[in-house]
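Single-structure report; data block below.
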Amino acid sequence: MKKNIWDAEKYSKHADFVPKLAFPLIDLIRELKGKKVLDLGCGDGTLTVELIKQGADVVGVDLSPQMVKASRSKGIKALVASATDLPFYEEFDVVFSNAVLHWVQEAEKALQNIAKSMKRGGIFVAEFGGKGNIQSIVEAMEQVFKENPEFGQFKNVWYFPDLQEYKQLLEKTGFKVEYIELIPRPTPIEDIENWLEIFTNVYTSHLSTQQERKFRNQVKEKLKKTIYSPQNGWTADYVRLRLRAVKV
């Protein structure tokens, strides 16, 4: 499976809405002081710092070496690791994850690893893309690939489950679900071109520079009809799946 390549500086500049909109997720943990926390997909460490401020002992992991480097520059304990291959065993009181698990198609394997990393009675709190997330963007990308056969076949690498599907996976992998919800969250974004550059290079890494520019321009033109208005600018059609579960 190809990976998205993350530029920590561009992410911080153009995608800072991702951590900013996740502060309610921290509140779901309820008590952080003295807890050992795994921040799964810590990114540049913006939310990790908040967890530490509330008294938690936090270890961050991310699949991107660039993001891990950015986290370490903030003084965070962080290492490169995959959600499907975590090097921990019953170490954490809390696993926290924001905007990560929709990148992991091996969802059951990821949950097995999360459960393995946690102490019994530990809390798992997460938010990521759920069913219907960025549907307009995905459809526009698919259409552009169809209209440009030289781009190759479009294969969706994102995993946007519905609520019941993910609840069943949680229960199957040893969790008791205390709260789970699908939340439509239309999200203003600065510019769709920046968004595409940051979040979709996994789809365009095999294209030439000219083809990649063509891809972004054509996707942008299609999306002007669905998620853009002169009054409000760009609004991505986000739908988030948010949950709190306990390892039993």
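Within each chain, counting starts at residue 1; across the structure tokens, chains are named A, B, ... in the order shown, with ligands numbered 1 upward in that order.
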Who sits within 9 Å of Leu241 (chain A), only C-alpha atoms, same chain under 3 positions skipped, as a list of chain:residue names: A:Ala126, A:Glu127, A:Phe128, A:Gly129, A:Gly130, A:Lys131, A:Phe160, A:Pro161, A:Asp162, A:Leu163, A:Ile180, A:Glu181, A:Leu182, A:Ile183, A:Pro184
Exercise: Val202 (chain A) partners within 7 Å, only C-alpha atoms, chain neighbours under 3 positions left out, as a PDB file with all heavy atoms, in the first residue's frame:
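Saved result, selection_36.pdb, follows:
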```pdb
ATOM      1  N   LYS A   2       0.650   2.153  -0.954  1.00  0.00           N
ATOM      2  CA  LYS A   2       1.380   3.398  -0.986  1.00  0.00           C
ATOM      3  C   LYS A   2       0.973   4.280   0.192  1.00  0.00           C
ATOM      4  O   LYS A   2      -0.130   4.191   0.711  1.00  0.00           O
ATOM      5  CB  LYS A   2       1.112   4.128  -2.302  1.00  0.00           C
ATOM      6  CG  LYS A   2       1.640   3.421  -3.522  1.00  0.00           C
ATOM      7  CD  LYS A   2       1.577   4.321  -4.745  1.00  0.00           C
ATOM      8  CE  LYS A   2       0.168   4.735  -5.097  1.00  0.00           C
ATOM      9  NZ  LYS A   2       0.117   5.602  -6.291  1.00  0.00           N
ATOM     10  N   LYS A   3       1.883   5.162   0.587  1.00  0.00           N
ATOM     11  CA  LYS A   3       1.628   6.048   1.710  1.00  0.00           C
ATOM     12  C   LYS A   3       1.558   7.488   1.225  1.00  0.00           C
ATOM     13  O   LYS A   3       2.227   7.871   0.278  1.00  0.00           O
ATOM     14  CB  LYS A   3       2.737   5.925   2.757  1.00  0.00           C
ATOM     15  CG  LYS A   3       2.881   4.553   3.386  1.00  0.00           C
ATOM     16  CD  LYS A   3       3.933   4.574   4.480  1.00  0.00           C
ATOM     17  CE  LYS A   3       5.312   4.873   3.934  1.00  0.00           C
ATOM     18  NZ  LYS A   3       6.351   4.814   4.977  1.00  0.00           N
ATOM     19  N   ASN A   4       0.759   8.301   1.924  1.00  0.00           N
ATOM     20  CA  ASN A   4       0.787   9.723   1.677  1.00  0.00           C
ATOM     21  C   ASN A   4       2.089  10.287   2.241  1.00  0.00           C
ATOM     22  O   ASN A   4       2.573   9.857   3.278  1.00  0.00           O
ATOM     23  CB  ASN A   4      -0.406  10.406   2.351  1.00  0.00           C
ATOM     24  CG  ASN A   4      -0.835  11.672   1.637  1.00  0.00           C
ATOM     25  OD1 ASN A   4      -1.261  11.619   0.492  1.00  0.00           O
ATOM     26  ND2 ASN A   4      -0.728  12.807   2.304  1.00  0.00           N
ATOM     27  N   ILE A   5       2.680  11.252   1.537  1.00  0.00           N
ATOM     28  CA  ILE A   5       3.905  11.898   2.004  1.00  0.00           C
ATOM     29  C   ILE A   5       3.524  13.226   2.651  1.00  0.00           C
ATOM     30  O   ILE A   5       2.885  14.074   2.029  1.00  0.00           O
ATOM     31  CB  ILE A   5       4.897  12.127   0.846  1.00  0.00           C
ATOM     32  CG1 ILE A   5       5.197  10.807   0.133  1.00  0.00           C
ATOM     33  CG2 ILE A   5       6.176  12.763   1.361  1.00  0.00           C
ATOM     34  CD1 ILE A   5       5.790   9.733   1.024  1.00  0.00           C
ATOM     35  N   SER A 205       1.413  10.369  -6.804  1.00  0.00           N
ATOM     36  CA  SER A 205       2.868  10.247  -6.735  1.00  0.00           C
ATOM     37  C   SER A 205       3.468   9.636  -8.000  1.00  0.00           C
ATOM     38  O   SER A 205       4.644   9.844  -8.300  1.00  0.00           O
ATOM     39  CB  SER A 205       3.271   9.420  -5.514  1.00  0.00           C
ATOM     40  OG  SER A 205       2.708   8.120  -5.576  1.00  0.00           O
TER      41      SER A 205
END
```
What's the 12 Å shell around Ser64 (chain A), counting only C-alpha atoms, without same-chain residues fewer than 6 positions away, as a ChimeraX atom specification? /A:3-8,40-44,70-71,78-83,100
Keeping C-alpha atoms, export the residues of the selection given above as a PDB file, in the first residue's frame.
```pdb
ATOM      1  CA  LYS A   3       1.628   6.048   1.710  1.00  0.00           C
ATOM      2  CA  ASN A   4       0.787   9.723   1.677  1.00  0.00           C
ATOM      3  CA  ILE A   5       3.905  11.898   2.004  1.00  0.00           C
ATOM      4  CA  TRP A   6       3.506  14.563   4.668  1.00  0.00           C
ATOM      5  CA  ASP A   7       5.152  17.972   4.707  1.00  0.00           C
ATOM      6  CA  ALA A   8       4.987  19.069   8.348  1.00  0.00           C
ATOM      7  CA  LEU A  40      -1.676   7.329  17.760  1.00  0.00           C
ATOM      8  CA  GLY A  41      -0.892   9.409  14.685  1.00  0.00           C
ATOM      9  CA  CYS A  42       0.534  12.337  16.605  1.00  0.00           C
ATOM     10  CA  GLY A  43       1.321  14.336  13.470  1.00  0.00           C
ATOM     11  CA  ASP A  44       3.299  17.487  14.263  1.00  0.00           C
ATOM     12  CA  ALA A  70       8.265  17.866  14.023  1.00  0.00           C
ATOM     13  CA  SER A  71       6.843  16.350  17.221  1.00  0.00           C
ATOM     14  CA  ALA A  78       7.742  10.234  19.547  1.00  0.00           C
ATOM     15  CA  LEU A  79       8.651   7.347  17.278  1.00  0.00           C
ATOM     16  CA  VAL A  80       7.863   6.081  13.795  1.00  0.00           C
ATOM     17  CA  ALA A  81       5.347   3.233  13.967  1.00  0.00           C
ATOM     18  CA  SER A  82       2.284   1.905  12.159  1.00  0.00           C
ATOM     19  CA  ALA A  83      -1.181   1.485  13.679  1.00  0.00           C
ATOM     20  CA  VAL A 100      -5.659   8.860  11.471  1.00  0.00           C
TER      21      VAL A 100
END
```
Pick out the residues sitting within 10 Å of region 108-122 of chain A, and hand them over as JSON, numbers by chain; count only C-alpha atoms, and ignore anything fewer than 4 positions along from it in its own chain. {"A": [35, 36, 37, 38, 40, 82, 83, 84, 85, 86, 87, 88, 89, 90, 91, 92, 93, 94, 95, 96, 101, 104, 166, 169, 170, 171, 172, 173, 174, 175, 176, 245, 246, 247, 248]}
Using only C-alpha atoms, can you tell me which of A:Val49, A:Met141, A:Met67, A:Val157 comes closest to Leu196 (chain A)?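 Among the listed residues, the smallest separation from Leu196 (chain A) belongs to A:Met141.
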For the helix (DSSP H, G or I) assignment from backbone DSSP, which residues of region 32-73 of chain A qualify? Please present them as a ChimeraX atom specification. /A:46-53,65-72
Kindly save the residues from that selection, with N, CA, C and O atoms included, as a compact mmCIF listing (two decimals), in the first residue's frame.
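Output (again05.txt):
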```txt
# COMPACT_ATOMS: atom_id res chain seq x y z
N THR A 46 0.74 18.93 17.75
CA THR A 46 -0.09 20.01 18.26
C THR A 46 -1.02 19.54 19.37
O THR A 46 -1.10 20.17 20.44
N LEU A 47 -1.71 18.43 19.15
CA LEU A 47 -2.62 17.91 20.18
C LEU A 47 -1.86 17.18 21.28
O LEU A 47 -2.28 17.18 22.44
N THR A 48 -0.74 16.60 20.94
CA THR A 48 0.08 15.91 21.94
C THR A 48 0.49 16.88 23.05
O THR A 48 0.47 16.55 24.24
N VAL A 49 0.87 18.08 22.66
CA VAL A 49 1.25 19.12 23.62
C VAL A 49 0.09 19.40 24.58
O VAL A 49 0.30 19.58 25.79
N GLU A 50 -1.13 19.43 24.06
CA GLU A 50 -2.30 19.69 24.92
C GLU A 50 -2.50 18.56 25.92
O GLU A 50 -2.86 18.80 27.08
N LEU A 51 -2.29 17.33 25.49
CA LEU A 51 -2.41 16.18 26.40
C LEU A 51 -1.38 16.29 27.52
O LEU A 51 -1.68 16.04 28.69
N ILE A 52 -0.17 16.69 27.17
CA ILE A 52 0.90 16.84 28.16
C ILE A 52 0.57 17.97 29.13
O ILE A 52 0.79 17.85 30.35
N LYS A 53 0.03 19.07 28.63
CA LYS A 53 -0.35 20.20 29.48
C LYS A 53 -1.35 19.80 30.56
O LYS A 53 -1.40 20.38 31.64
N PRO A 65 8.04 9.91 9.13
CA PRO A 65 9.25 10.40 9.80
C PRO A 65 9.29 11.92 9.90
O PRO A 65 9.80 12.46 10.89
N GLN A 66 8.73 12.60 8.89
CA GLN A 66 8.72 14.06 8.91
C GLN A 66 7.87 14.58 10.08
O GLN A 66 8.25 15.54 10.77
N MET A 67 6.73 13.95 10.31
CA MET A 67 5.87 14.37 11.41
C MET A 67 6.48 14.03 12.76
O MET A 67 6.39 14.80 13.72
N VAL A 68 7.11 12.88 12.87
CA VAL A 68 7.77 12.50 14.12
C VAL A 68 8.88 13.50 14.45
O VAL A 68 9.04 13.93 15.60
N LYS A 69 9.63 13.92 13.44
CA LYS A 69 10.67 14.92 13.64
C LYS A 69 10.07 16.23 14.16
O LYS A 69 10.63 16.87 15.07
N ALA A 70 8.92 16.63 13.58
CA ALA A 70 8.27 17.87 14.02
C ALA A 70 7.79 17.74 15.47
O ALA A 70 7.89 18.70 16.25
N SER A 71 7.28 16.58 15.84
CA SER A 71 6.84 16.35 17.22
C SER A 71 8.03 16.41 18.19
O SER A 71 7.96 17.03 19.25
N ARG A 72 9.11 15.76 17.81
CA ARG A 72 10.28 15.75 18.68
C ARG A 72 10.84 17.16 18.88
O ARG A 72 11.40 17.47 19.94
```
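The two atoms in question, CA of Lys77 (chain A) and CA of Glu106 (chain A), are spaced 26.0 Å apart.
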I'd like the neighbourhood of region 217-230 of chain A as a ChimeraX atom specification, where a residue qualifies if any of its atoms comes within 8 Å (using only C-alpha atoms), though same-chain residues fewer than 6 positions away should be ignored. /A:136-137,140-141,144,192-193,236-237
Keeping only all heavy atoms, write the selected residues as a PDB file, in the first residue's frame.
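Result went into result-v3.pdb, see below:
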```pdb
ATOM      1  N   SER A 136     -17.898  14.449  -1.874  1.00  0.00           N
ATOM      2  CA  SER A 136     -17.812  15.260  -3.098  1.00  0.00           C
ATOM      3  C   SER A 136     -16.406  15.253  -3.666  1.00  0.00           C
ATOM      4  O   SER A 136     -16.205  15.180  -4.886  1.00  0.00           O
ATOM      5  CB  SER A 136     -18.240  16.705  -2.797  1.00  0.00           C
ATOM      6  OG  SER A 136     -19.585  16.760  -2.397  1.00  0.00           O
ATOM      7  N   ILE A 137     -15.408  15.313  -2.783  1.00  0.00           N
ATOM      8  CA  ILE A 137     -14.014  15.337  -3.230  1.00  0.00           C
ATOM      9  C   ILE A 137     -13.625  13.994  -3.841  1.00  0.00           C
ATOM     10  O   ILE A 137     -12.994  13.940  -4.901  1.00  0.00           O
ATOM     11  CB  ILE A 137     -13.082  15.705  -2.060  1.00  0.00           C
ATOM     12  CG1 ILE A 137     -13.412  17.108  -1.531  1.00  0.00           C
ATOM     13  CG2 ILE A 137     -11.616  15.628  -2.496  1.00  0.00           C
ATOM     14  CD1 ILE A 137     -12.651  17.505  -0.280  1.00  0.00           C
ATOM     15  N   ALA A 140     -15.185  13.615  -7.267  1.00  0.00           N
ATOM     16  CA  ALA A 140     -14.509  14.453  -8.265  1.00  0.00           C
ATOM     17  C   ALA A 140     -13.178  13.836  -8.684  1.00  0.00           C
ATOM     18  O   ALA A 140     -12.827  13.823  -9.878  1.00  0.00           O
ATOM     19  CB  ALA A 140     -14.288  15.857  -7.698  1.00  0.00           C
ATOM     20  N   MET A 141     -12.433  13.310  -7.721  1.00  0.00           N
ATOM     21  CA  MET A 141     -11.162  12.663  -8.034  1.00  0.00           C
ATOM     22  C   MET A 141     -11.368  11.438  -8.926  1.00  0.00           C
ATOM     23  O   MET A 141     -10.650  11.241  -9.918  1.00  0.00           O
ATOM     24  CB  MET A 141     -10.465  12.265  -6.732  1.00  0.00           C
ATOM     25  CG  MET A 141      -9.960  13.437  -5.911  1.00  0.00           C
ATOM     26  SD  MET A 141      -9.457  12.955  -4.234  1.00  0.00           S
ATOM     27  CE  MET A 141      -8.188  11.749  -4.577  1.00  0.00           C
ATOM     28  N   VAL A 144     -12.145  12.541 -12.482  1.00  0.00           N
ATOM     29  CA  VAL A 144     -10.971  13.054 -13.198  1.00  0.00           C
ATOM     30  C   VAL A 144     -10.078  11.898 -13.664  1.00  0.00           C
ATOM     31  O   VAL A 144      -9.557  11.919 -14.779  1.00  0.00           O
ATOM     32  CB  VAL A 144     -10.194  14.050 -12.308  1.00  0.00           C
ATOM     33  CG1 VAL A 144      -8.812  14.351 -12.906  1.00  0.00           C
ATOM     34  CG2 VAL A 144     -10.987  15.338 -12.149  1.00  0.00           C
ATOM     35  N   ILE A 192      -8.791  24.692  -1.979  1.00  0.00           N
ATOM     36  CA  ILE A 192      -8.850  23.270  -2.309  1.00  0.00           C
ATOM     37  C   ILE A 192      -7.531  22.780  -2.920  1.00  0.00           C
ATOM     38  O   ILE A 192      -7.160  21.613  -2.749  1.00  0.00           O
ATOM     39  CB  ILE A 192     -10.040  22.963  -3.252  1.00  0.00           C
ATOM     40  CG1 ILE A 192     -10.281  21.452  -3.341  1.00  0.00           C
ATOM     41  CG2 ILE A 192      -9.823  23.576  -4.619  1.00  0.00           C
ATOM     42  CD1 ILE A 192     -10.678  20.797  -2.041  1.00  0.00           C
ATOM     43  N   GLU A 193      -6.785  23.646  -3.585  1.00  0.00           N
ATOM     44  CA  GLU A 193      -5.512  23.218  -4.165  1.00  0.00           C
ATOM     45  C   GLU A 193      -4.515  22.836  -3.073  1.00  0.00           C
ATOM     46  O   GLU A 193      -3.799  21.838  -3.187  1.00  0.00           O
ATOM     47  CB  GLU A 193      -4.944  24.313  -5.066  1.00  0.00           C
ATOM     48  CG  GLU A 193      -5.685  24.443  -6.392  1.00  0.00           C
ATOM     49  CD  GLU A 193      -4.941  25.328  -7.376  1.00  0.00           C
ATOM     50  OE1 GLU A 193      -3.713  25.141  -7.536  1.00  0.00           O
ATOM     51  OE2 GLU A 193      -5.582  26.191  -7.976  1.00  0.00           O
ATOM     52  N   ALA A 236     -15.274  21.866   2.862  1.00  0.00           N
ATOM     53  CA  ALA A 236     -15.167  20.422   2.628  1.00  0.00           C
ATOM     54  C   ALA A 236     -16.273  19.687   3.378  1.00  0.00           C
ATOM     55  O   ALA A 236     -16.610  20.030   4.519  1.00  0.00           O
ATOM     56  CB  ALA A 236     -13.805  19.920   3.084  1.00  0.00           C
ATOM     57  N   ASP A 237     -16.835  18.666   2.736  1.00  0.00           N
ATOM     58  CA  ASP A 237     -17.973  17.938   3.309  1.00  0.00           C
ATOM     59  C   ASP A 237     -17.490  16.818   4.240  1.00  0.00           C
ATOM     60  O   ASP A 237     -17.648  15.637   3.952  1.00  0.00           O
ATOM     61  CB  ASP A 237     -18.906  17.409   2.220  1.00  0.00           C
ATOM     62  CG  ASP A 237     -18.178  16.667   1.103  1.00  0.00           C
ATOM     63  OD1 ASP A 237     -16.938  16.788   0.993  1.00  0.00           O
ATOM     64  OD2 ASP A 237     -18.850  15.971   0.315  1.00  0.00           O
TER      65      ASP A 237
END
```
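Here CA of Gly152 (chain A) stands at a distance of 29.1 Å from CA of Glu190 (chain A).
Across the structure, CA of Gln211 (chain A) and CA of Glu147 (chain A) are spaced 12.5 Å apart.
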Do you know which residues are at most 12 Å from Gln153 (chain A) counting only C-alpha atoms, after dropping those on the same chain fewer than 4 positions away, and could you put them as a ChimeraX atom specification? /A:141-149,203-204,206-207
Mind checking DSSP for region 13-244 of chain A and telling me the strand (DSSP E or B) residues as a ChimeraX atom specification? /A:36-40,57-62,77-80,82,85,92-98,118-129,175-189,228-229,233-244
I need the residue nearest Lys74 (chain A) from this list: A:Glu9, A:Arg185, A:Gly45, A:Phe124. Use only C-alpha atoms for the distance.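 Closest residue, counting only C-alpha atoms: A:Gly45.
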